[in-house]
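Here is the structure we will look at.
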Amino acid sequence: MDYLGVVLLVAVVAAAFVVIARSSIGQGHRARAERARQLVLAKRAAEADVNGFGDELSQLSILGEQDAAAADLYELATALHHRALEALIAARRPDDLCQVTEILEEGRWTLTRLTAWTAGQPTPSRRPPCFFNPGHGPSTRNIVWQHRSVPACAADATRVEAGADPYIRTVERDDRRVPYWEGGPTYDGWARGYYTSWRGNRLVADIVPSKV
Ligand SMILES: [Zn+2]
């Protein structure tokens, strides 16, 4: 190979390296941007639930001071709200949001106990969150929906049994809103956390294996 041939070969090889390097850098940027976007979406879902829990808690602030048992439950719920907020801030991957919703599940159950106590009612049995929107809080009973037994809050159970649609939690996917169970891996951690302590329980047997 003459001198010109060697120069040309070196130039071609160098150009090829530049193209490959640019391409892999571009792919790396796109992958990082996509991961960041998924974290924003998952955090948005969890943040809405943390805020909803906080709103319910603030409406009960006066009740919590009425007696020692209510004050203890209120203090526990407040601590859980703070823990959920800290876990939300600390989340670095969409899957980390499972820690937020696991805390929220306990928090919503604590609020249910507090509400029953202050109303002078017996403490209801602990139940899994409403399937249609875990942010609705603990379910009140299981109903049959699309051939599956699903835990539902009182409002959704009444709607479904009257032939109406439940209030299904939707999330953003590809610039449109879909039911959360069609939201893809972005929301897996968020949904799974709500049912972590219910894994293996017959009340969630029809929903947990397939989704969370
Ligand atoms: Zn519901």
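As shown in the structure tokens, the chain order sets the letters A, B, ...; within each chain, residues go from 1, and ligands are also counted from 1 in the order they appear.
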List every residue of range 17-169 of chain A that DSSP, applied to the backbone, labels as helix (DSSP H, G or I), and write the result as a PyMOL selection string.
-> chain A and resi 17-59+63-65+68-90+94-118+134-136+154-161
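Residues in contact range of Gly54 in chain A, defined as at most 12 Å between only C-alpha atoms, with sequence neighbours fewer than 2 positions away removed, read Glu47, Ala48, Asp49, Val50, Asn51, Gly52, Glu56, Leu57, Ser58, Gln59, Leu60, Ser61, Tyr74, Ala77, Thr78, Ala79, Leu80, His81, His82, Arg83, Ala84, Leu85, Leu104, Gly107, Arg108, Leu111 and Gly135 of chain A.
Selecting all polymer residues at most 9 Å from ligand 1, using only C-alpha atoms and all ligand atoms, gives Pro129, Cys130, Phe131, Phe132, Asn133, Pro134, Gly135, His136, Gly137, Pro138, Ser139, Pro151, Ala152, Cys153, Ala154, Ala155, Asp156, Ala157, Pro166, Tyr167, Ile168 and Arg169 of chain A.
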Output for the residues just chosen: C-alpha atoms as a PDB file, in the first residue's frame:
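Saved result, again.pdb, follows:
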ATOM      1  CA  PRO A 129     -56.301  -0.510  49.046  1.00  0.00           C
ATOM      2  CA  CYS A 130     -59.020   0.089  46.444  1.00  0.00           C
ATOM      3  CA  PHE A 131     -57.921  -1.634  43.234  1.00  0.00           C
ATOM      4  CA  PHE A 132     -59.348   1.051  40.954  1.00  0.00           C
ATOM      5  CA  ASN A 133     -57.258   3.725  42.623  1.00  0.00           C
ATOM      6  CA  PRO A 134     -55.066   2.721  45.587  1.00  0.00           C
ATOM      7  CA  GLY A 135     -55.033   6.421  46.477  1.00  0.00           C
ATOM      8  CA  HIS A 136     -58.690   6.038  47.532  1.00  0.00           C
ATOM      9  CA  GLY A 137     -57.405   4.316  50.662  1.00  0.00           C
ATOM     10  CA  PRO A 138     -58.447   0.963  52.159  1.00  0.00           C
ATOM     11  CA  SER A 139     -61.204  -0.948  50.386  1.00  0.00           C
ATOM     12  CA  PRO A 151     -60.976  -4.875  46.549  1.00  0.00           C
ATOM     13  CA  ALA A 152     -63.015  -1.689  46.138  1.00  0.00           C
ATOM     14  CA  CYS A 153     -63.686   1.406  48.221  1.00  0.00           C
ATOM     15  CA  ALA A 154     -67.326   1.988  49.164  1.00  0.00           C
ATOM     16  CA  ALA A 155     -67.872   4.587  46.432  1.00  0.00           C
ATOM     17  CA  ASP A 156     -66.427   2.432  43.639  1.00  0.00           C
ATOM     18  CA  ALA A 157     -68.239  -0.702  44.858  1.00  0.00           C
ATOM     19  CA  PRO A 166     -65.470   2.938  38.727  1.00  0.00           C
ATOM     20  CA  TYR A 167     -63.177   5.945  39.156  1.00  0.00           C
ATOM     21  CA  ILE A 168     -60.074   4.367  37.653  1.00  0.00           C
ATOM     22  CA  ARG A 169     -56.702   5.958  38.357  1.00  0.00           C
TER      23      ARG A 169
END
Leaving out Pro124 in chain A and any residue of its chain fewer than 2 positions from it, which residues lie within 10 Å of it when counting only C-alpha atoms, given as a VMD selection string?
-> chain A and resid 109 112 to 113 116 to 117 121 to 122 126 to 127 140
Find, counting only C-alpha atoms, the residue in A:Leu41, A:Ala46, A:Arg176, A:Asp55 that gets nearest to Leu97 in chain A.
-> A:Ala46
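One distance worth recording is that between CA of Ile103 in chain A and CA of Glu34 in chain A, which is 27.0 Å.
Distances here use only C-alpha atoms; by that measure, the residue among A:Ala31, A:Leu39, A:Gly184, A:Val208 closest to Asp96 in chain A is A:Leu39.
Shortest separation to Val204 in chain A among A:Ile143, A:Arg173, A:Arg32, A:Val160 occurs at residue A:Ile143, atoms counted being only C-alpha atoms.
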